[in-house]
2 protein chains.
Amino acid sequence: MVSIKRYKKEDMVTYCLGATVSMEYLNIRPKDVEQVFIHSAFYESETKEKIKKICAKNSIPVEVNDKVFSILSQKENCFVIAMIRKYTCQLEKSASHVVLVNPGNSGNAGTIIRSAAGFGVKDIAIIRPGVDFFDPKVIRASMGALSRIRFAYFDSWEDYAKTDGAGDRHFYPFMLDGSTLLHETKIESPFSLIMGNEATGLPASFSKIGCPIRIEHTGNIDSLNLPIATSIGLYEATKGDF
Amino acid sequence: MVSIKRYKKEDMVTYCLGATVSMEYLNIRPKDVEQVFIHSAFYESETKEKIKKICAKNSIPVEVNDKVFSILSQKENCFVIAMIRKYTCQLEKSASHVVLVNPGNSGNAGTIIRSAAGFGVKDIAIIRPGVDFFDPKVIRASMGALSRIRFAYFDSWEDYAKTDGAGDRHFYPFMLDGSTLLHETKIESPFSLIMGNEATGLPASFSKIGCPIRIEHTGNIDSLNLPIATSIGLYEATKGDF
């Protein structure tokens with residue numbers, strides 16, 4: 001039996017907390033699932049049977065172990081935990097991307113991943129420093145959709161722009177003073193929707209990159225919340241596509 | 001001095017946790033602010049001076065009291081708390097509304113309030129059972145934008161429809177199997193965007209009300225998160241308005 005500790009960024013493994021989240025990884029990336037823990041109080045027999053079946057097929061050990069839950073989960077309604085071996089992805093160079101510049105909040109990152117997967121944009125670049133996408137809080141907020149996307153970290157915007165962001169691609173930095181209104185813009189593919197940090201937004205230098213976009217709103221708020229702005233951008237960029 | 005306890009739904013007062021959130025209430029609804037607490041470690045002199053000035057002008061007592069923070073706030077970066085007397089609002093019958101049917105999550109409710117204020121939709125109806133809008137978690141997630149909207153509770157959809165939702169109004173229930181795609185629809189004002197519970201969505205009976213709307217997305221996710229879907233609806237409904 002492995003020894004389980006509270007998640008740290010340096011760890012080689014991470015965790016899906018909850019049955020729905022774990023099922024996503026079991027369905028989409030079963031080869032990356034190291035082990036599944038089930039709580040003794042878990043009586044949802046249909047889901048339990050499904051989990052056991054996938055695990056048997058993929059030779060994934062299943063263990064009933066309540067202690068793991070008290071270490072890893074603060075939520076009362078968590079009865080399944082999948083332990084995931086961390087993996088690396090390569091962005092698809094010809095596809096549309098979301099670029100998160102210094103994202104700071106795990107829940108927000110997870111919500112953005114869920115929206116990106118929903119709108120069929122499967123590649124996310126993160127410019128450091130940025131939240132750890134393998135943090136269990138991110139995976140949980142994504143509802144397991146992290147399993148369906150590719151993501152990669154870059155030390156700077158320039159690093160991204162000259163590698164995975166290179167080529168025939170349209171840049172759309174989202175800025176509070178963006179010169180173009182989102183609803184008046186035709187977002188051309190492949191695109192990179194570029195979003196700044198929750199508190200500080202994008203550095204002013206981004207106004208010289210591609211086509212700076214503004215989502216029009218009243219002065220009643222300073223800004224939309226980050227996953228909201230990102231998702232509205234994704235919605236506009238992909239509407240009618242599927 | 002008043003005795004401060006952890007917030008409960010039955011209380012006559014609620015709390016804005018944090019300087020930004022408190023400033024919204026002090027600016028927008030100063031008459032509803034009973035008292036302001038400042039932490040002894042709060043050294044942001046400009047904000048502090050602004051707060052003191054508004055409080056002096058409106059005869060709001062200001063107290064340095066660290067104990068209140070340990071009782072009311074789990075966050076380390078909270079240095080200002082405004083105590084708010086609860087108030088009641090009346091929805092504006094001729095305006096557009098957001099209708100939340102059984103909303104379950106405080107953070108989501110706050111994010112929706114922030115988006116609604118941002119897109120200039122200032123009236124929110126809540127169909128019971130639903131999250132307590134005066135919960136400090138809601139107010140904080142709204143970034144204080146709760147101060148800028150009107151909200152009211154109704155025991156049932158029918159109660160809303162025959163009172164504040166009556167008259168010449170267009171109903172748009174958002175449903176995963178909605179018959180009309182959002183991006184192909186002209187949302188007519190005044191509108192009611194009707195959103196279901198996070199886990200269960202709207203009851204099937206809503207498909208017979210107004211024009212059921214679907215936000216098109218891939219099958220990679222079951223649904224968009226509730227504030228995301230609501231905000232995309234608000235964006236589409238109001239774009240070009242301001």
# chains A, B, ... in the order shown; residues from 1 in each chain; ligands from 1
>>> residues_around(residues="stretch 165-173 of chain B", least_positions_apart="5", cutoff="9 Å", atoms="only C-alpha atoms", output="tab-separated table (two decimals) with all heavy atoms, in the first residue's frame")
chain	number	residue	atom	x	y	z
B	93	LYS	N	-40.97	46.08	-11.90
B	93	LYS	CA	-41.83	45.23	-12.74
B	93	LYS	C	-41.62	45.42	-14.23
B	93	LYS	O	-41.91	44.54	-15.03
B	93	LYS	CB	-43.30	45.52	-12.40
B	93	LYS	CG	-43.77	44.77	-11.18
B	93	LYS	CD	-45.29	44.72	-11.17
B	93	LYS	CE	-45.78	44.02	-9.93
B	93	LYS	NZ	-47.23	43.75	-10.00
B	94	SER	N	-41.18	46.60	-14.61
B	94	SER	CA	-41.03	46.86	-16.05
B	94	SER	C	-39.62	46.51	-16.56
B	94	SER	O	-39.36	46.58	-17.76
B	94	SER	CB	-41.31	48.34	-16.33
B	94	SER	OG	-40.36	49.13	-15.63
B	95	ALA	N	-38.74	46.12	-15.63
B	95	ALA	CA	-37.34	45.87	-16.03
B	95	ALA	C	-37.12	44.39	-16.39
B	95	ALA	O	-37.97	43.54	-16.12
B	95	ALA	CB	-36.41	46.26	-14.89
B	96	SER	N	-35.97	44.11	-16.98
B	96	SER	CA	-35.59	42.72	-17.22
B	96	SER	C	-35.11	42.09	-15.92
B	96	SER	O	-34.54	42.77	-15.07
B	96	SER	CB	-34.49	42.67	-18.29
B	96	SER	OG	-35.03	43.02	-19.54
B	97	HIS	N	-35.34	40.77	-15.80
B	97	HIS	CA	-34.99	40.05	-14.57
B	97	HIS	C	-34.12	38.83	-14.86
B	97	HIS	O	-34.17	38.27	-15.96
B	97	HIS	CB	-36.26	39.50	-13.88
B	97	HIS	CG	-37.27	40.53	-13.50
B	97	HIS	ND1	-38.55	40.18	-13.10
B	97	HIS	CD2	-37.22	41.89	-13.45
B	97	HIS	CE1	-39.24	41.28	-12.81
B	97	HIS	NE2	-38.46	42.33	-13.03
B	99	VAL	N	-34.12	35.12	-13.10
B	99	VAL	CA	-34.89	34.32	-12.15
B	99	VAL	C	-34.08	33.06	-11.84
B	99	VAL	O	-33.77	32.28	-12.74
B	99	VAL	CB	-36.26	33.92	-12.74
B	99	VAL	CG1	-37.07	33.12	-11.71
B	99	VAL	CG2	-37.04	35.15	-13.19
B	125	ALA	N	-34.95	37.54	-9.15
B	125	ALA	CA	-35.97	36.81	-8.39
B	125	ALA	C	-35.40	35.45	-8.01
B	125	ALA	O	-34.72	34.81	-8.82
B	125	ALA	CB	-37.23	36.63	-9.24
B	159	ASP	N	-46.01	31.97	-8.17
B	159	ASP	CA	-46.06	33.21	-7.39
B	159	ASP	C	-45.34	34.35	-8.09
B	159	ASP	O	-45.84	35.49	-8.13
B	159	ASP	CB	-45.37	33.00	-6.02
B	159	ASP	CG	-46.34	32.48	-4.98
B	159	ASP	OD1	-47.50	32.21	-5.35
B	159	ASP	OD2	-45.92	32.32	-3.82
B	160	TYR	N	-44.18	34.05	-8.62
B	160	TYR	CA	-43.43	35.08	-9.35
B	160	TYR	C	-44.19	35.49	-10.62
B	160	TYR	O	-44.36	36.68	-10.90
B	160	TYR	CB	-42.04	34.56	-9.72
B	160	TYR	CG	-41.34	35.40	-10.77
B	160	TYR	CD1	-40.77	36.62	-10.43
B	160	TYR	CD2	-41.26	34.98	-12.10
B	160	TYR	CE1	-40.14	37.41	-11.40
B	160	TYR	CE2	-40.64	35.75	-13.07
B	160	TYR	CZ	-40.08	36.96	-12.71
B	160	TYR	OH	-39.48	37.74	-13.67
B	178	GLY	N	-33.22	22.78	-24.51
B	178	GLY	CA	-33.98	23.92	-25.04
B	178	GLY	C	-34.10	23.84	-26.56
B	178	GLY	O	-33.16	23.44	-27.24
B	187	ILE	N	-33.12	38.10	-28.03
B	187	ILE	CA	-33.77	38.18	-26.71
B	187	ILE	C	-34.50	39.52	-26.63
B	187	ILE	O	-33.89	40.58	-26.74
B	187	ILE	CB	-32.71	38.10	-25.59
B	187	ILE	CG1	-31.83	36.84	-25.72
B	187	ILE	CG2	-33.37	38.20	-24.21
B	187	ILE	CD1	-32.45	35.57	-25.24
B	188	GLU	N	-35.81	39.45	-26.45
B	188	GLU	CA	-36.64	40.66	-26.42
B	188	GLU	C	-36.78	41.17	-24.99
B	188	GLU	O	-36.98	40.40	-24.06
B	188	GLU	CB	-38.05	40.35	-26.96
B	188	GLU	CG	-38.08	39.75	-28.37
B	188	GLU	CD	-37.92	40.79	-29.47
B	188	GLU	OE1	-37.85	42.00	-29.15
B	188	GLU	OE2	-37.85	40.38	-30.65
B	189	SER	N	-36.73	42.48	-24.83
B	189	SER	CA	-36.89	43.11	-23.51
B	189	SER	C	-38.34	43.55	-23.30
B	189	SER	O	-39.01	43.89	-24.29
B	189	SER	CB	-35.97	44.33	-23.41
B	189	SER	OG	-34.63	43.92	-23.40
B	190	PRO	N	-38.82	43.66	-22.06
B	190	PRO	CA	-38.14	43.15	-20.87
B	190	PRO	C	-38.16	41.62	-20.85
B	190	PRO	O	-39.15	41.00	-21.19
B	190	PRO	CB	-38.96	43.72	-19.71
B	190	PRO	CG	-40.32	43.92	-20.28
B	190	PRO	CD	-40.14	44.23	-21.73
B	191	PHE	N	-37.05	41.04	-20.42
B	191	PHE	CA	-36.93	39.58	-20.41
B	191	PHE	C	-36.79	39.07	-18.98
B	191	PHE	O	-36.42	39.82	-18.07
B	191	PHE	CB	-35.73	39.14	-21.24
B	191	PHE	CG	-34.41	39.75	-20.85
B	191	PHE	CD1	-33.72	39.32	-19.71
B	191	PHE	CD2	-33.84	40.76	-21.62
B	191	PHE	CE1	-32.51	39.89	-19.35
B	191	PHE	CE2	-32.61	41.33	-21.25
B	191	PHE	CZ	-31.95	40.90	-20.12
B	192	SER	N	-37.10	37.79	-18.82
B	192	SER	CA	-36.72	37.05	-17.62
B	192	SER	C	-35.88	35.87	-18.07
B	192	SER	O	-36.40	34.98	-18.75
B	192	SER	CB	-37.95	36.54	-16.87
B	192	SER	OG	-38.72	37.60	-16.35
B	193	LEU	N	-34.59	35.89	-17.75
B	193	LEU	CA	-33.74	34.73	-18.00
B	193	LEU	C	-33.91	33.80	-16.81
B	193	LEU	O	-33.65	34.19	-15.67
B	193	LEU	CB	-32.26	35.13	-18.13
B	193	LEU	CG	-31.90	36.21	-19.17
B	193	LEU	CD1	-30.37	36.35	-19.25
B	193	LEU	CD2	-32.48	35.88	-20.54
B	194	ILE	N	-34.37	32.58	-17.07
B	194	ILE	CA	-34.74	31.67	-15.98
B	194	ILE	C	-33.73	30.53	-15.91
B	194	ILE	O	-33.55	29.80	-16.89
B	194	ILE	CB	-36.17	31.12	-16.21
B	194	ILE	CG1	-37.14	32.27	-16.51
B	194	ILE	CG2	-36.64	30.30	-15.02
B	194	ILE	CD1	-38.44	31.80	-17.17
B	195	MET	N	-33.07	30.41	-14.77
B	195	MET	CA	-31.97	29.44	-14.63
B	195	MET	C	-32.31	28.45	-13.50
B	195	MET	O	-32.78	28.85	-12.44
B	195	MET	CB	-30.67	30.15	-14.26
B	195	MET	CG	-30.36	31.44	-15.04
B	195	MET	SD	-30.19	31.26	-16.84
B	195	MET	CE	-28.79	30.15	-16.95
B	196	GLY	N	-32.00	27.18	-13.72
B	196	GLY	CA	-32.31	26.15	-12.74
B	196	GLY	C	-31.20	25.94	-11.71
B	196	GLY	O	-30.20	26.67	-11.69
B	202	LEU	N	-33.53	23.07	-14.62
B	202	LEU	CA	-34.95	23.42	-14.45
B	202	LEU	C	-35.82	22.18	-14.59
B	202	LEU	O	-35.50	21.28	-15.38
B	202	LEU	CB	-35.37	24.44	-15.52
B	202	LEU	CG	-34.89	25.88	-15.36
B	202	LEU	CD1	-35.26	26.69	-16.61
B	202	LEU	CD2	-35.49	26.53	-14.12
B	206	PHE	N	-40.79	23.60	-17.43
B	206	PHE	CA	-40.41	24.91	-17.94
B	206	PHE	C	-40.28	24.94	-19.47
B	206	PHE	O	-40.23	26.01	-20.06
B	206	PHE	CB	-39.11	25.40	-17.29
B	206	PHE	CG	-39.33	26.02	-15.94
B	206	PHE	CD1	-39.41	25.23	-14.80
B	206	PHE	CD2	-39.48	27.39	-15.80
B	206	PHE	CE1	-39.63	25.78	-13.55
B	206	PHE	CE2	-39.70	27.96	-14.55
B	206	PHE	CZ	-39.78	27.16	-13.42
B	207	SER	N	-40.23	23.76	-20.09
B	207	SER	CA	-40.13	23.74	-21.55
B	207	SER	C	-41.39	24.30	-22.20
B	207	SER	O	-41.41	24.59	-23.39
B	207	SER	CB	-39.84	22.33	-22.06
B	207	SER	OG	-40.94	21.51	-21.75
B	209	ILE	N	-42.83	27.07	-21.06
B	209	ILE	CA	-42.90	28.49	-20.68
B	209	ILE	C	-42.02	29.30	-21.62
B	209	ILE	O	-40.82	29.04	-21.74
B	209	ILE	CB	-42.43	28.66	-19.22
B	209	ILE	CG1	-43.41	27.99	-18.27
B	209	ILE	CG2	-42.25	30.14	-18.88
B	209	ILE	CD1	-42.92	27.85	-16.86
B	210	GLY	N	-42.60	30.27	-22.29
B	210	GLY	CA	-41.82	31.18	-23.12
B	210	GLY	C	-41.00	30.47	-24.18
B	210	GLY	O	-41.48	29.53	-24.82
B	211	CYS	N	-39.76	30.87	-24.31
B	211	CYS	CA	-38.88	30.35	-25.36
B	211	CYS	C	-37.68	29.66	-24.72
B	211	CYS	O	-36.73	30.31	-24.29
B	211	CYS	CB	-38.42	31.53	-26.24
B	211	CYS	SG	-37.22	31.06	-27.49
B	212	PRO	N	-37.72	28.30	-24.63
B	212	PRO	CA	-36.63	27.58	-23.98
B	212	PRO	C	-35.33	27.70	-24.78
B	212	PRO	O	-35.31	27.46	-25.99
B	212	PRO	CB	-37.12	26.13	-23.95
B	212	PRO	CG	-38.60	26.22	-24.16
B	212	PRO	CD	-38.80	27.39	-25.07
B	213	ILE	N	-34.27	28.06	-24.09
B	213	ILE	CA	-33.00	28.40	-24.73
B	213	ILE	C	-31.95	27.35	-24.41
B	213	ILE	O	-31.84	26.88	-23.28
B	213	ILE	CB	-32.50	29.76	-24.18
B	213	ILE	CG1	-33.44	30.89	-24.59
B	213	ILE	CG2	-31.07	30.05	-24.62
B	213	ILE	CD1	-33.29	31.35	-26.01
B	214	ARG	N	-31.16	27.02	-25.43
B	214	ARG	CA	-30.02	26.12	-25.23
B	214	ARG	C	-28.74	26.85	-25.62
B	214	ARG	O	-28.71	27.52	-26.65
B	214	ARG	CB	-30.20	24.87	-26.10
B	214	ARG	CG	-29.21	23.77	-25.83
B	214	ARG	CD	-29.63	22.48	-26.53
B	214	ARG	NE	-29.03	22.35	-27.85
B	214	ARG	CZ	-29.69	22.31	-29.00
B	214	ARG	NH1	-31.00	22.40	-29.03
B	214	ARG	NH2	-29.06	22.18	-30.14
>>> interface_residues(of="chain B", to="chain A", cutoff="7 Å", atoms="only C-alpha atoms", output="ChimeraX atom specification")
/B:115,117-120,183,217-218,220-221,224,228,231-232,239,242
>>> atom_distance(atom1="atom CA of B:Tyr25", atom2="atom CA of B:Met83")
9.6 Å
>>> select_by_dssp(residues="stretch 154-205 of chain B", states="helix (DSSP H, G or I)", output="PyMOL selection string")
chain B and resi 157-162+182-184+204-205
>>> write_last_selection(atoms="all heavy atoms", output="CSV table (one decimal), in the first residue's frame")
chain,number,residue,atom,x,y,z
B,157,TRP,N,-42.6,29.3,-8.7
B,157,TRP,CA,-42.6,30.0,-10.0
B,157,TRP,C,-43.9,30.7,-10.3
B,157,TRP,O,-43.9,31.9,-10.7
B,157,TRP,CB,-42.3,29.0,-11.1
B,157,TRP,CG,-42.7,29.5,-12.5
B,157,TRP,CD1,-43.8,29.2,-13.2
B,157,TRP,CD2,-41.9,30.5,-13.2
B,157,TRP,NE1,-43.8,30.0,-14.4
B,157,TRP,CE2,-42.7,30.8,-14.4
B,157,TRP,CE3,-40.8,31.2,-13.0
B,157,TRP,CZ2,-42.3,31.7,-15.3
B,157,TRP,CZ3,-40.3,32.1,-13.9
B,157,TRP,CH2,-41.1,32.4,-15.1
B,158,GLU,N,-45.0,30.0,-9.9
B,158,GLU,CA,-46.3,30.6,-10.2
B,158,GLU,C,-46.5,32.0,-9.4
B,158,GLU,O,-47.0,32.9,-9.9
B,158,GLU,CB,-47.4,29.7,-9.8
B,158,GLU,CG,-47.6,28.4,-10.7
B,158,GLU,CD,-46.4,27.4,-10.5
B,158,GLU,OE1,-45.8,27.4,-9.5
B,158,GLU,OE2,-46.2,26.7,-11.5
B,159,ASP,N,-46.0,32.0,-8.2
B,159,ASP,CA,-46.1,33.2,-7.4
B,159,ASP,C,-45.3,34.3,-8.1
B,159,ASP,O,-45.8,35.5,-8.1
B,159,ASP,CB,-45.4,33.0,-6.0
B,159,ASP,CG,-46.3,32.5,-5.0
B,159,ASP,OD1,-47.5,32.2,-5.3
B,159,ASP,OD2,-45.9,32.3,-3.8
B,160,TYR,N,-44.2,34.0,-8.6
B,160,TYR,CA,-43.4,35.1,-9.4
B,160,TYR,C,-44.2,35.5,-10.6
B,160,TYR,O,-44.4,36.7,-10.9
B,160,TYR,CB,-42.0,34.6,-9.7
B,160,TYR,CG,-41.3,35.4,-10.8
B,160,TYR,CD1,-40.8,36.6,-10.4
B,160,TYR,CD2,-41.3,35.0,-12.1
B,160,TYR,CE1,-40.1,37.4,-11.4
B,160,TYR,CE2,-40.6,35.8,-13.1
B,160,TYR,CZ,-40.1,37.0,-12.7
B,160,TYR,OH,-39.5,37.7,-13.7
B,161,ALA,N,-44.7,34.5,-11.4
B,161,ALA,CA,-45.3,34.8,-12.7
B,161,ALA,C,-46.5,35.6,-12.6
B,161,ALA,O,-46.8,36.4,-13.4
B,161,ALA,CB,-45.6,33.4,-13.4
B,162,LYS,N,-47.2,35.5,-11.4
B,162,LYS,CA,-48.5,36.2,-11.3
B,162,LYS,C,-48.3,37.6,-10.6
B,162,LYS,O,-49.2,38.4,-10.6
B,162,LYS,CB,-49.6,35.4,-10.6
B,162,LYS,CG,-49.4,35.2,-9.2
B,162,LYS,CD,-50.5,34.3,-8.6
B,162,LYS,CE,-50.3,34.0,-7.2
B,162,LYS,NZ,-50.9,32.7,-6.7
B,182,LEU,N,-29.3,29.8,-28.3
B,182,LEU,CA,-29.1,31.2,-27.8
B,182,LEU,C,-28.6,32.1,-28.9
B,182,LEU,O,-29.1,33.2,-29.1
B,182,LEU,CB,-28.1,31.2,-26.6
B,182,LEU,CG,-27.8,32.6,-26.0
B,182,LEU,CD1,-29.0,33.3,-25.5
B,182,LEU,CD2,-26.7,32.5,-25.0
B,183,HIS,N,-27.6,31.7,-29.6
B,183,HIS,CA,-26.9,32.6,-30.6
B,183,HIS,C,-27.8,32.9,-31.8
B,183,HIS,O,-27.4,33.7,-32.6
B,183,HIS,CB,-25.5,32.1,-30.9
B,183,HIS,CG,-25.5,30.9,-31.8
B,183,HIS,ND1,-25.4,29.6,-31.4
B,183,HIS,CD2,-25.5,30.8,-33.2
B,183,HIS,CE1,-25.4,28.8,-32.4
B,183,HIS,NE2,-25.4,29.5,-33.5
B,184,GLU,N,-28.9,32.1,-31.9
B,184,GLU,CA,-29.8,32.3,-33.1
B,184,GLU,C,-31.0,33.1,-32.6
B,184,GLU,O,-32.0,33.3,-33.4
B,184,GLU,CB,-30.2,31.0,-33.7
B,184,GLU,CG,-29.0,30.3,-34.4
B,184,GLU,CD,-29.4,28.9,-34.9
B,184,GLU,OE1,-30.5,28.4,-34.6
B,184,GLU,OE2,-28.5,28.4,-35.7
B,204,ALA,N,-38.7,19.9,-16.0
B,204,ALA,CA,-39.1,19.7,-17.5
B,204,ALA,C,-40.3,20.6,-17.8
B,204,ALA,O,-40.5,21.0,-19.0
B,204,ALA,CB,-39.4,18.3,-17.8
B,205,SER,N,-41.2,20.9,-16.8
B,205,SER,CA,-42.3,21.7,-17.1
B,205,SER,C,-42.0,23.1,-17.6
B,205,SER,O,-42.8,23.7,-18.3
B,205,SER,CB,-43.1,21.9,-15.8
B,205,SER,OG,-42.3,22.4,-14.7
>>> residues_around(residues="B:Lys52", least_positions_apart="2", cutoff="12 Å", atoms="only C-alpha atoms", output="mmCIF file with N, CA and C atoms, in the first residue's frame")
data_model
loop_
_atom_site.group_PDB
_atom_site.id
_atom_site.type_symbol
_atom_site.label_atom_id
_atom_site.label_comp_id
_atom_site.auth_asym_id
_atom_site.auth_seq_id
_atom_site.Cartn_x
_atom_site.Cartn_y
_atom_site.Cartn_z
ATOM 1 N N ALA B 19 -12.285 45.089 2.447
ATOM 2 C CA ALA B 19 -12.380 46.527 2.205
ATOM 3 C C ALA B 19 -13.163 46.839 0.926
ATOM 4 N N SER B 22 -16.859 46.095 1.453
ATOM 5 C CA SER B 22 -17.444 47.073 2.382
ATOM 6 C C SER B 22 -17.615 48.438 1.720
ATOM 7 N N MET B 23 -16.620 48.834 0.917
ATOM 8 C CA MET B 23 -16.684 50.120 0.230
ATOM 9 C C MET B 23 -17.900 50.202 -0.697
ATOM 10 N N LEU B 26 -20.772 51.019 1.515
ATOM 11 C CA LEU B 26 -20.630 52.384 2.037
ATOM 12 C C LEU B 26 -20.943 53.413 0.949
ATOM 13 N N GLN B 35 -22.418 49.544 11.235
ATOM 14 C CA GLN B 35 -21.140 49.730 11.917
ATOM 15 C C GLN B 35 -20.018 49.197 11.032
ATOM 16 N N VAL B 36 -18.821 49.755 11.186
ATOM 17 C CA VAL B 36 -17.667 49.251 10.440
ATOM 18 C C VAL B 36 -16.581 48.856 11.425
ATOM 19 N N PHE B 37 -16.010 47.667 11.199
ATOM 20 C CA PHE B 37 -14.897 47.197 12.016
ATOM 21 C C PHE B 37 -13.610 47.244 11.192
ATOM 22 N N ILE B 38 -12.561 47.705 11.824
ATOM 23 C CA ILE B 38 -11.265 47.762 11.161
ATOM 24 C C ILE B 38 -10.273 46.958 11.986
ATOM 25 N N SER B 45 -3.646 53.284 4.067
ATOM 26 C CA SER B 45 -4.134 54.560 4.610
ATOM 27 C C SER B 45 -5.160 55.245 3.700
ATOM 28 N N GLU B 46 -4.995 55.136 2.390
ATOM 29 C CA GLU B 46 -5.922 55.843 1.497
ATOM 30 C C GLU B 46 -7.345 55.284 1.627
ATOM 31 N N THR B 47 -7.447 53.960 1.537
ATOM 32 C CA THR B 47 -8.751 53.324 1.694
ATOM 33 C C THR B 47 -9.308 53.596 3.095
ATOM 34 N N LYS B 48 -8.436 53.498 4.087
ATOM 35 C CA LYS B 48 -8.845 53.725 5.480
ATOM 36 C C LYS B 48 -9.433 55.127 5.645
ATOM 37 N N GLU B 49 -8.768 56.097 5.044
ATOM 38 C CA GLU B 49 -9.256 57.477 5.140
ATOM 39 C C GLU B 49 -10.613 57.624 4.461
ATOM 40 N N LYS B 50 -10.747 57.003 3.288
ATOM 41 C CA LYS B 50 -12.029 57.046 2.563
ATOM 42 C C LYS B 50 -13.153 56.458 3.411
ATOM 43 N N ILE B 54 -16.517 58.503 4.814
ATOM 44 C CA ILE B 54 -17.910 58.127 4.521
ATOM 45 C C ILE B 54 -18.652 57.835 5.825
ATOM 46 N N CYS B 55 -17.971 57.141 6.738
ATOM 47 C CA CYS B 55 -18.609 56.794 8.011
ATOM 48 C C CYS B 55 -18.947 58.056 8.817
ATOM 49 N N ALA B 56 -18.016 58.999 8.832
ATOM 50 C CA ALA B 56 -18.258 60.251 9.573
ATOM 51 C C ALA B 56 -19.464 60.976 8.970
ATOM 52 N N LYS B 57 -19.491 61.033 7.647
ATOM 53 C CA LYS B 57 -20.568 61.740 6.944
ATOM 54 C C LYS B 57 -21.931 61.113 7.231
ATOM 55 N N ASN B 58 -21.952 59.796 7.388
ATOM 56 C CA ASN B 58 -23.218 59.093 7.571
ATOM 57 C C ASN B 58 -23.452 58.641 9.020
ATOM 58 N N SER B 59 -22.630 59.169 9.939
ATOM 59 C CA SER B 59 -22.745 58.801 11.358
ATOM 60 C C SER B 59 -22.718 57.288 11.593
ATOM 61 N N ILE B 60 -21.795 56.640 10.909
ATOM 62 C CA ILE B 60 -21.614 55.198 11.102
ATOM 63 C C ILE B 60 -20.437 54.983 12.054
ATOM 64 N N PRO B 61 -20.657 54.284 13.167
ATOM 65 C CA PRO B 61 -19.541 54.051 14.094
ATOM 66 C C PRO B 61 -18.449 53.178 13.463
ATOM 67 N N VAL B 62 -17.200 53.543 13.723
ATOM 68 C CA VAL B 62 -16.047 52.755 13.267
ATOM 69 C C VAL B 62 -15.305 52.262 14.493
ATOM 70 N N GLU B 63 -14.975 50.985 14.513
ATOM 71 C CA GLU B 63 -14.337 50.415 15.693
ATOM 72 C C GLU B 63 -13.145 49.557 15.291
ATOM 73 N N VAL B 64 -12.016 49.749 15.937
ATOM 74 C CA VAL B 64 -10.896 48.825 15.744
ATOM 75 C C VAL B 64 -11.114 47.662 16.703
ATOM 76 N N VAL B 80 -11.261 44.798 6.856
ATOM 77 C CA VAL B 80 -12.413 45.671 7.069
ATOM 78 C C VAL B 80 -13.679 44.816 7.011
ATOM 79 N N ALA B 82 -17.918 45.478 7.228
ATOM 80 C CA ALA B 82 -19.068 46.363 7.420
ATOM 81 C C ALA B 82 -20.258 45.517 7.843
#
>>> atom_distance(atom1="atom CA of B:Ile126", atom2="atom CA of B:Arg29")
21.4 Å
